[in-house]
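So this block is data_29.pdb, PDB, C-alpha atoms:
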ATOM      1  CA  MET A 552    -145.949  -9.319 -86.246
ATOM      2  CA  GLN A 553    -144.054  -6.255 -87.411
ATOM      3  CA  GLU A 554    -140.414  -6.687 -88.106
ATOM      4  CA  GLN A 555    -139.209  -4.388 -85.324
ATOM      5  CA  GLU A 556    -141.742  -5.378 -82.680
ATOM      6  CA  PRO A 557    -140.696  -8.571 -80.890
ATOM      7  CA  TYR A 558    -143.119 -10.786 -79.022
ATOM      8  CA  VAL A 559    -143.723 -10.129 -75.366
ATOM      9  CA  ILE A 560    -147.071 -11.644 -74.358
ATOM     10  CA  THR A 561    -149.552 -13.451 -76.587
ATOM     11  CA  LYS A 562    -153.225 -13.626 -75.742
ATOM     12  CA  ARG A 563    -155.983 -15.654 -77.359
ATOM     13  CA  LYS A 564    -157.423 -12.931 -79.564
ATOM     14  CA  HIS A 565    -154.733 -10.338 -79.706
ATOM     15  CA  VAL A 566    -150.992 -10.022 -79.476
ATOM     16  CA  ILE A 567    -149.233  -7.433 -77.360
ATOM     17  CA  TYR A 568    -145.991  -6.095 -78.797
ATOM     18  CA  ARG A 569    -143.128  -4.104 -77.461
ATOM     19  CA  VAL A 570    -141.259  -1.627 -79.669
ATOM     20  CA  TYR A 571    -137.539  -1.837 -79.148
ATOM     21  CA  TRP A 572    -134.519  -1.354 -81.347
ATOM     22  CA  GLY A 573    -131.196  -3.061 -80.668
ATOM     23  CA  ARG A 574    -129.307   0.191 -81.061
ATOM     24  CA  ILE A 575    -131.364   1.793 -78.304
ATOM     25  CA  ALA A 576    -130.479  -1.094 -75.980
ATOM     26  CA  ALA A 577    -126.784  -0.696 -76.779
ATOM     27  CA  PHE A 578    -127.026   3.068 -76.222
ATOM     28  CA  LEU A 579    -128.768   2.642 -72.848
ATOM     29  CA  ILE A 580    -126.124   0.209 -71.649
ATOM     30  CA  ALA A 581    -123.308   2.483 -72.814
ATOM     31  CA  ALA A 582    -124.941   5.530 -71.207
ATOM     32  CA  SER A 583    -125.471   3.797 -67.861
ATOM     33  CA  LEU A 584    -121.876   2.595 -67.797
ATOM     34  CA  ALA A 585    -120.673   6.091 -68.687
ATOM     35  CA  VAL A 586    -122.563   7.565 -65.716
ATOM     36  CA  LEU A 587    -121.097   4.929 -63.421
ATOM     37  CA  ALA A 588    -117.615   5.586 -64.781
ATOM     38  CA  VAL A 589    -117.905   9.352 -64.231
ATOM     39  CA  VAL A 590    -119.085   8.953 -60.636
ATOM     40  CA  LEU A 591    -116.394   6.435 -59.838
ATOM     41  CA  TRP A 592    -113.703   8.576 -61.501
ATOM     42  CA  PHE A 593    -114.498  11.607 -59.353
ATOM     43  CA  SER A 594    -114.418   9.446 -56.249
ATOM     44  CA  ARG A 595    -111.014   7.962 -57.045
ATOM     45  CA  GLY A 596    -109.065  10.609 -55.215
ATOM     46  CA  LYS A 597    -111.329  10.455 -52.162
ATOM     47  CA  ASN A 598    -111.587   7.920 -49.396
ATOM     48  CA  THR A 599    -114.957   6.656 -50.635
ATOM     49  CA  ILE A 600    -116.372   4.910 -53.675
ATOM     50  CA  THR A 601    -119.863   6.099 -54.619
ATOM     51  CA  VAL A 602    -122.318   4.109 -56.692
ATOM     52  CA  PRO A 603    -125.106   6.275 -58.148
ATOM     53  CA  SER A 604    -128.781   5.555 -57.617
ATOM     54  CA  ARG A 605    -130.675   3.540 -60.190
ATOM     55  CA  THR A 606    -134.304   2.635 -60.810
ATOM     56  CA  TYR A 607    -135.553  -0.580 -62.402
ATOM     57  CA  TRP A 608    -139.030  -0.411 -63.938
ATOM     58  CA  CYS A 609    -141.352  -3.424 -63.743
ATOM     59  CA  VAL A 610    -144.698  -3.914 -65.466
ATOM     60  CA  SER A 611    -147.253  -5.372 -63.063
ATOM     61  CA  VAL A 612    -150.440  -7.019 -64.330
ATOM     62  CA  GLY A 613    -152.109  -7.432 -60.974
ATOM     63  CA  THR A 614    -152.040  -6.352 -57.332
ATOM     64  CA  TYR A 615    -153.468  -8.809 -54.824
ATOM     65  CA  ASP A 616    -154.082  -9.161 -51.114
ATOM     66  CA  SER A 617    -153.237 -12.880 -50.981
ATOM     67  CA  ARG A 618    -150.219 -14.832 -52.173
ATOM     68  CA  GLU A 619    -152.420 -17.634 -53.461
ATOM     69  CA  THR A 620    -154.326 -15.351 -55.829
ATOM     70  CA  ALA A 621    -151.113 -13.702 -56.975
ATOM     71  CA  ASP A 622    -149.512 -17.080 -57.684
ATOM     72  CA  ALA A 623    -152.472 -18.089 -59.833
ATOM     73  CA  SER A 624    -152.178 -14.849 -61.814
ATOM     74  CA  ALA A 625    -148.412 -15.326 -62.109
ATOM     75  CA  ASN A 626    -148.883 -18.818 -63.543
ATOM     76  CA  ARG A 627    -151.226 -17.428 -66.197
ATOM     77  CA  ALA A 628    -148.746 -14.674 -67.059
ATOM     78  CA  ALA A 629    -145.868 -17.164 -67.312
ATOM     79  CA  ALA A 630    -147.889 -19.417 -69.626
ATOM     80  CA  LEU A 631    -148.320 -16.417 -71.933
ATOM     81  CA  GLY A 632    -144.596 -15.614 -71.954
ATOM     82  CA  GLY A 633    -144.409 -13.061 -69.140
ATOM     83  CA  ALA A 634    -142.102 -13.407 -66.167
ATOM     84  CA  GLY A 635    -144.821 -14.390 -63.719
ATOM     85  CA  TYR A 636    -142.751 -13.037 -60.839
ATOM     86  CA  VAL A 637    -144.588 -12.305 -57.573
ATOM     87  CA  HIS A 638    -143.228  -9.356 -55.597
ATOM     88  CA  GLU A 639    -144.440  -8.666 -52.067
ATOM     89  CA  ALA A 640    -144.378  -5.112 -50.748
ATOM     90  CA  ASP A 641    -146.398  -3.264 -48.085
ATOM     91  CA  GLY A 642    -148.743  -6.206 -47.580
ATOM     92  CA  LYS A 643    -149.604  -6.459 -51.286
ATOM     93  CA  PHE A 644    -148.539  -8.971 -53.947
ATOM     94  CA  TYR A 645    -147.614  -7.678 -57.398
ATOM     95  CA  VAL A 646    -147.333  -9.871 -60.490
ATOM     96  CA  PHE A 647    -144.511  -8.686 -62.742
ATOM     97  CA  VAL A 648    -144.337  -9.688 -66.407
ATOM     98  CA  SER A 649    -140.918  -8.128 -67.057
ATOM     99  CA  CYS A 650    -138.436  -5.496 -65.902
ATOM    100  CA  TYR A 651    -136.934  -2.639 -67.903
ATOM    101  CA  PRO A 652    -134.003  -0.236 -67.556
ATOM    102  CA  THR A 653    -136.110   2.846 -68.373
ATOM    103  CA  GLU A 654    -139.538   4.085 -67.370
ATOM    104  CA  GLU A 655    -140.356   4.843 -70.991
ATOM    105  CA  ASP A 656    -139.896   1.209 -72.015
ATOM    106  CA  ALA A 657    -142.053  -0.032 -69.136
ATOM    107  CA  VAL A 658    -144.824   2.510 -69.812
ATOM    108  CA  THR A 659    -144.838   1.585 -73.500
ATOM    109  CA  VAL A 660    -145.437  -2.072 -72.655
ATOM    110  CA  GLY A 661    -147.937  -1.254 -69.917
ATOM    111  CA  ASN A 662    -150.005   0.885 -72.280
ATOM    112  CA  ARG A 663    -150.246  -2.019 -74.700
ATOM    113  CA  LEU A 664    -151.502  -4.489 -72.136
ATOM    114  CA  ASP A 665    -155.037  -3.289 -72.725
ATOM    115  CA  GLY A 666    -156.557  -6.689 -71.949
ATOM    116  CA  GLU A 667    -155.385  -6.688 -68.330
ATOM    117  CA  ALA A 668    -157.566  -5.307 -65.540
ATOM    118  CA  ASP A 669    -154.865  -3.906 -63.283
ATOM    119  CA  VAL A 670    -151.788  -2.865 -65.213
ATOM    120  CA  SER A 671    -149.268  -0.565 -63.562
ATOM    121  CA  VAL A 672    -145.603   0.358 -63.689
ATOM    122  CA  TYR A 673    -143.746  -0.414 -60.486
ATOM    123  CA  ALA A 674    -140.467   1.374 -59.690
ATOM    124  CA  LEU A 675    -137.719  -0.516 -57.871
ATOM    125  CA  VAL A 676    -135.302   2.097 -56.533
ATOM    126  CA  CYS A 677    -131.679   1.516 -55.575
ATOM    127  CA  ASN A 678    -130.459   4.552 -53.688
ATOM    128  CA  LYS A 679    -126.955   5.948 -53.992
ATOM    129  CA  SER A 680    -124.447   4.005 -51.920
ATOM    130  CA  SER A 681    -121.051   5.035 -50.600
ATOM    131  CA  PHE A 682    -118.293   2.694 -49.492
ATOM    132  CA  GLU A 683    -114.996   3.248 -47.783
ATOM    133  CA  ALA A 684    -112.339   2.719 -50.413
ATOM    134  CA  PRO A 685    -109.963  -0.176 -49.694
ATOM    135  CA  LYS A 686    -106.266   0.541 -49.343
ATOM    136  CA  LYS A 687    -105.518  -2.164 -51.902
ATOM    137  CA  ASN A 688    -107.242  -3.359 -55.080
ATOM    138  CA  LYS A 689    -109.383  -0.231 -55.372
ATOM    139  CA  GLU A 690    -110.017  -0.764 -59.079
ATOM    140  CA  GLU A 691    -111.211  -4.299 -58.409
ATOM    141  CA  ALA A 692    -113.553  -2.956 -55.759
ATOM    142  CA  GLU A 693    -114.967  -0.364 -58.149
ATOM    143  CA  ASP A 694    -115.531  -3.067 -60.749
ATOM    144  CA  LEU A 695    -117.354  -5.255 -58.217
ATOM    145  CA  LEU A 696    -119.690  -2.414 -57.279
ATOM    146  CA  THR A 697    -120.744  -1.798 -60.903
ATOM    147  CA  PHE A 698    -121.009  -5.441 -61.928
ATOM    148  CA  ALA A 699    -124.621  -6.154 -60.882
ATOM    149  CA  PRO A 700    -126.277  -3.344 -62.888
ATOM    150  CA  PHE A 701    -123.991  -4.139 -65.814
ATOM    151  CA  LEU A 702    -125.107  -7.785 -65.737
ATOM    152  CA  PHE A 703    -128.764  -6.711 -65.624
ATOM    153  CA  ASP A 704    -128.266  -4.558 -68.732
ATOM    154  CA  SER A 705    -126.481  -7.396 -70.521
ATOM    155  CA  LEU A 706    -129.246  -9.854 -69.644
ATOM    156  CA  TYR A 707    -131.897  -7.359 -70.746
ATOM    157  CA  ASP A 708    -130.200  -6.834 -74.096
ATOM    158  CA  LEU A 709    -129.933 -10.602 -74.601
ATOM    159  CA  ALA A 710    -133.618 -11.096 -73.696
ATOM    160  CA  ILE A 711    -134.674  -8.490 -76.271
ATOM    161  CA  ARG A 712    -132.512 -10.022 -78.991
ATOM    162  CA  THR A 713    -133.841 -13.477 -78.156
ATOM    163  CA  ASP A 714    -137.446 -12.219 -78.371
ATOM    164  CA  LYS A 715    -136.694 -10.696 -81.765
ATOM    165  CA  GLY A 716    -135.204 -13.941 -83.060
ATOM    166  CA  GLU A 717    -131.782 -12.381 -83.561
ATOM    167  CA  VAL A 718    -130.249 -14.951 -81.178
ATOM    168  CA  SER A 719    -130.985 -18.661 -81.355
ATOM    169  CA  ARG A 720    -131.999 -20.665 -78.297
ATOM    170  CA  GLY A 721    -128.611 -22.395 -78.238
ATOM    171  CA  ALA A 722    -126.708 -19.124 -78.535
ATOM    172  CA  ALA A 723    -128.829 -17.541 -75.801
ATOM    173  CA  LEU A 724    -128.183 -20.439 -73.417
ATOM    174  CA  TYR A 725    -124.462 -20.276 -74.199
ATOM    175  CA  ALA A 726    -124.444 -16.539 -73.415
ATOM    176  CA  MET A 727    -126.340 -17.137 -70.171
ATOM    177  CA  ARG A 728    -123.858 -19.786 -69.080
ATOM    178  CA  ASN A 729    -121.031 -17.338 -69.783
ATOM    179  CA  MET A 730    -122.810 -14.779 -67.597
ATOM    180  CA  ALA A 731    -123.063 -17.343 -64.820
ATOM    181  CA  ALA A 732    -119.335 -18.058 -65.160
ATOM    182  CA  SER A 733    -118.558 -14.333 -64.933
ATOM    183  CA  VAL A 734    -120.610 -14.122 -61.718
ATOM    184  CA  ARG A 735    -118.584 -16.974 -60.210
ATOM    185  CA  GLU A 736    -115.387 -15.182 -61.173
ATOM    186  CA  LYS A 737    -116.588 -11.958 -59.548
ATOM    187  CA  ARG A 738    -117.531 -13.922 -56.449
ATOM    188  CA  ARG A 739    -113.946 -15.166 -56.176
ATOM    189  CA  THR A 740    -112.696 -11.612 -56.682
ATOM    190  CA  CYS A 741    -114.733 -10.540 -53.648
ATOM    191  CA  GLU A 742    -112.201 -12.387 -51.491
ATOM    192  CA  ASN A 743    -109.529  -9.907 -52.596
ATOM    193  CA  THR A 744    -111.314  -6.927 -51.087
ATOM    194  CA  GLU A 745    -112.481  -6.139 -47.567
ATOM    195  CA  GLY A 746    -115.111  -4.546 -45.343
ATOM    196  CA  ASP A 747    -118.538  -3.491 -46.564
ATOM    197  CA  ILE A 748    -117.554  -3.823 -50.213
ATOM    198  CA  LYS A 749    -116.731  -7.486 -49.736
ATOM    199  CA  THR A 750    -120.003  -8.169 -47.928
ATOM    200  CA  TYR A 751    -122.174  -6.166 -50.331
ATOM    201  CA  ALA A 752    -120.590  -7.477 -53.534
ATOM    202  CA  SER A 753    -120.606 -11.062 -52.269
ATOM    203  CA  GLU A 754    -124.333 -10.889 -51.548
ATOM    204  CA  LEU A 755    -124.983  -9.439 -55.000
ATOM    205  CA  CYS A 756    -123.003 -12.218 -56.673
ATOM    206  CA  ASP A 757    -124.892 -14.837 -54.673
ATOM    207  CA  VAL A 758    -128.320 -13.612 -55.822
ATOM    208  CA  LEU A 759    -127.133 -13.242 -59.414
ATOM    209  CA  SER A 760    -125.928 -16.834 -59.286
ATOM    210  CA  ARG A 761    -129.389 -17.889 -58.136
ATOM    211  CA  ALA A 762    -130.990 -15.944 -60.992
ATOM    212  CA  LEU A 763    -128.776 -17.635 -63.574
ATOM    213  CA  GLU A 764    -128.625 -21.106 -62.027
ATOM    214  CA  PRO A 765    -131.319 -22.713 -64.244
ATOM    215  CA  PHE A 766    -129.471 -21.616 -67.373
ATOM    216  CA  ASP A 767    -126.084 -22.635 -66.013
ATOM    217  CA  LEU A 768    -127.349 -26.134 -65.175
ATOM    218  CA  LEU A 769    -129.564 -26.322 -68.286
ATOM    219  CA  GLU A 770    -132.500 -27.300 -66.078
ATOM    220  CA  ASN A 771    -136.113 -26.611 -67.088
ATOM    221  CA  THR A 772    -135.270 -24.068 -69.775
ATOM    222  CA  GLU A 773    -138.048 -24.993 -72.193
ATOM    223  CA  ASN A 774    -139.758 -21.599 -71.896
ATOM    224  CA  LEU A 775    -136.588 -19.578 -72.346
ATOM    225  CA  PRO A 776    -138.071 -16.085 -73.032
ATOM    226  CA  GLN A 777    -140.277 -16.352 -69.933
ATOM    227  CA  GLN A 778    -137.396 -17.525 -67.779
ATOM    228  CA  MET A 779    -135.147 -14.719 -68.957
ATOM    229  CA  LYS A 780    -137.821 -12.183 -67.985
ATOM    230  CA  TYR A 781    -138.181 -13.900 -64.614
ATOM    231  CA  ALA A 782    -134.405 -13.667 -64.087
ATOM    232  CA  LEU A 783    -134.556  -9.940 -64.891
ATOM    233  CA  CYS A 784    -137.302  -9.332 -62.305
ATOM    234  CA  PHE A 785    -135.616 -11.492 -59.678
ATOM    235  CA  SER A 786    -132.244  -9.783 -60.202
ATOM    236  CA  ALA A 787    -133.663  -6.252 -60.026
ATOM    237  CA  VAL A 788    -135.671  -6.961 -56.864
ATOM    238  CA  GLU A 789    -132.746  -8.592 -55.079
ATOM    239  CA  ILE A 790    -130.240  -5.909 -56.120
ATOM    240  CA  CYS A 791    -132.537  -3.278 -54.624
ATOM    241  CA  ASN A 792    -133.214  -5.335 -51.486
ATOM    242  CA  ILE A 793    -129.513  -5.834 -50.805
ATOM    243  CA  THR A 794    -128.791  -2.158 -51.457
ATOM    244  CA  GLN A 795    -131.580  -1.099 -49.095
ATOM    245  CA  ASP A 796    -130.357  -3.486 -46.388
ATOM    246  CA  PHE A 797    -126.851  -2.096 -46.732
ATOM    247  CA  GLU A 798    -128.145   1.459 -46.453
ATOM    248  CA  ASN A 799    -130.182   0.599 -43.343
ATOM    249  CA  ASN A 800    -127.214  -1.113 -41.696
ATOM    250  CA  ALA A 801    -124.973   1.851 -42.504
ATOM    251  CA  LYS A 802    -127.470   4.216 -40.828
ATOM    252  CA  ASN A 803    -127.629   1.999 -37.756
ATOM    253  CA  ARG A 804    -123.837   2.050 -37.462
ATOM    254  CA  ALA A 805    -123.656   5.838 -37.861
TER     255      ALA A 805
END
Please, can you express the file's structure as structure tokens?
Amino acid sequence: MQEQEPYVITKRKHVIYRVYWGRIAAFLIAASLAVLAVVLWFSRGKNTITVPSRTYWCVSVGTYDSRETADASANRAAALGGAGYVHEADGKFYVFVSCYPTEEDAVTVGNRLDGEADVSVYALVCNKSSFEAPKKNKEEAEDLLTFAPFLFDSLYDLAIRTDKGEVSRGAALYAMRNMAASVREKRRTCENTEGDIKTYASELCDVLSRALEPFDLLENTENLPQQMKYALCFSAVEICNITQDFENNAKNRA
């Protein structure tokens, strides 16, 4: 194993690596937050709060017609250290091994999975969303709307550092429990706002709590790298689902 190429998935006769540097992760997180900050700043003087669109990039190692076949493939992927997350869309079942903040990262990993028969990069798109700004606690509302993507980036950075051995198992679990505590705090903050923001942010906090629950309760965390990748996939899918549902409901009300 090369020093700067942490483990992602190990196979019997070859090892698949993923090139990633910690500074790049920090830069990506800072850049995404900067974009969010700029958009929110220009919406401060208006009657709406706008959250920009975002795409999460998943590496799929199989597309199947049946859930049973996909589950079997997912179990094999999980045993090898991948997420083993099954995503259903358009009548097909996709088996994700991890989720990434950039297409480049996902393509890099996908290109290295040369032993898989059906490798592809799957884009999960969260469209731009606009919310009516509350009369009170506007800054809290803005913070709630940016919290979910921020948590994803934080979890992704922690997963990479854990894969590289820069963070011990104990330290990683401690950080995950702190993330779970921050989600609970944000969930309580939702009660201070109103309208669509309250509903949308509350639903996001609920799914993030579900993603982090095993780490918070210290249950079945033996395969920590795999479970962190699973939490990344689960979080990205649910964030996009909730955002799409909100958009559809907004169109129906218009």
Build an axis-aligned box that encloses every atom of range 738-751 of chain A listed in the file, pad it by 8 Å on each side, and report its centre and edge lengths in Å to one decimal, as JSON.
{"center_x": -115.9, "center_y": -9.3, "center_z": -51.0, "size_x": 28.6, "size_y": 27.7, "size_z": 27.3}
* To do: Could you state which residues are captured by the PyMOL selection byres ((chain A and resi 692) around 12) in this file, as a ChimeraX atom specification?
  => /A:591,595,599-602,682-691,693-698,737-738,740-753
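Nearest residue to Met727 in chain A, choosing from A:Gly661, A:Pro700, A:Gly642, A:Pro765 and counting all atoms listed in the file: A:Pro765.
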Convert the output of the PyMOL selection byres ((chain A and resi 629) around 10) on the shown file into explicit residues, formatted as a PDB file with C-alpha atoms, in the frame of the given file.
ATOM      1  CA  ILE A 560    -147.071 -11.644 -74.358  1.00  0.00           C
ATOM      2  CA  SER A 624    -152.178 -14.849 -61.814  1.00  0.00           C
ATOM      3  CA  ALA A 625    -148.412 -15.326 -62.109  1.00  0.00           C
ATOM      4  CA  ASN A 626    -148.883 -18.818 -63.543  1.00  0.00           C
ATOM      5  CA  ARG A 627    -151.226 -17.428 -66.197  1.00  0.00           C
ATOM      6  CA  ALA A 628    -148.746 -14.674 -67.059  1.00  0.00           C
ATOM      7  CA  ALA A 630    -147.889 -19.417 -69.626  1.00  0.00           C
ATOM      8  CA  LEU A 631    -148.320 -16.417 -71.933  1.00  0.00           C
ATOM      9  CA  GLY A 632    -144.596 -15.614 -71.954  1.00  0.00           C
ATOM     10  CA  GLY A 633    -144.409 -13.061 -69.140  1.00  0.00           C
ATOM     11  CA  ALA A 634    -142.102 -13.407 -66.167  1.00  0.00           C
ATOM     12  CA  GLY A 635    -144.821 -14.390 -63.719  1.00  0.00           C
ATOM     13  CA  TYR A 636    -142.751 -13.037 -60.839  1.00  0.00           C
ATOM     14  CA  PHE A 647    -144.511  -8.686 -62.742  1.00  0.00           C
ATOM     15  CA  VAL A 648    -144.337  -9.688 -66.407  1.00  0.00           C
ATOM     16  CA  ASN A 774    -139.758 -21.599 -71.896  1.00  0.00           C
ATOM     17  CA  PRO A 776    -138.071 -16.085 -73.032  1.00  0.00           C
ATOM     18  CA  GLN A 777    -140.277 -16.352 -69.933  1.00  0.00           C
ATOM     19  CA  GLN A 778    -137.396 -17.525 -67.779  1.00  0.00           C
ATOM     20  CA  LYS A 780    -137.821 -12.183 -67.985  1.00  0.00           C
ATOM     21  CA  TYR A 781    -138.181 -13.900 -64.614  1.00  0.00           C
TER      22      TYR A 781
END
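Residue selection for this entry, given the PyMOL selection byres ((chain A and resi 676) around 7), comprises Arg605, Thr606, Tyr607, Ala674, Leu675, Cys677, Asn678 and Cys791 of chain A.
Picture a line from CA of Asn598 in chain A to CA of Ala801 in chain A; it runs 16.2 Å.
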* Find the spatial neighbours of Leu759 in chain A, counting all atoms listed in the file, within a cut-off of 9 Å - ignore same-chain residues fewer than 4 positions away - and output them as a count of residues only. => 13
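Coordinates place CA of Ser719 in chain A at a distance of 26.7 Å from CA of Cys756 in chain A.
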* Asked: For Val612 in chain A, which residue among A:Ser681, A:Asn662, A:Thr794, A:Thr653 is the nearest when counting all atoms listed in the file?
  -> A:Asn662
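A straight line drawn from CA of Arg618 in chain A to CA of Val637 in chain A is 8.2 Å long.
Counting all atoms listed in the file, Tyr645 in chain A has the following residues at most 6 Å away, ignoring those fewer than 3 positions along the same chain: Gly613, Thr614, Val637 and His638 of chain A.
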Write the selection just made, keeping C-alpha atoms, as a PDB file, in the frame of the given file?
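Contents of selection_11.pdb, as written:
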ATOM      1  CA  GLY A 613    -152.109  -7.432 -60.974  1.00  0.00           C
ATOM      2  CA  THR A 614    -152.040  -6.352 -57.332  1.00  0.00           C
ATOM      3  CA  VAL A 637    -144.588 -12.305 -57.573  1.00  0.00           C
ATOM      4  CA  HIS A 638    -143.228  -9.356 -55.597  1.00  0.00           C
TER       5      HIS A 638
END
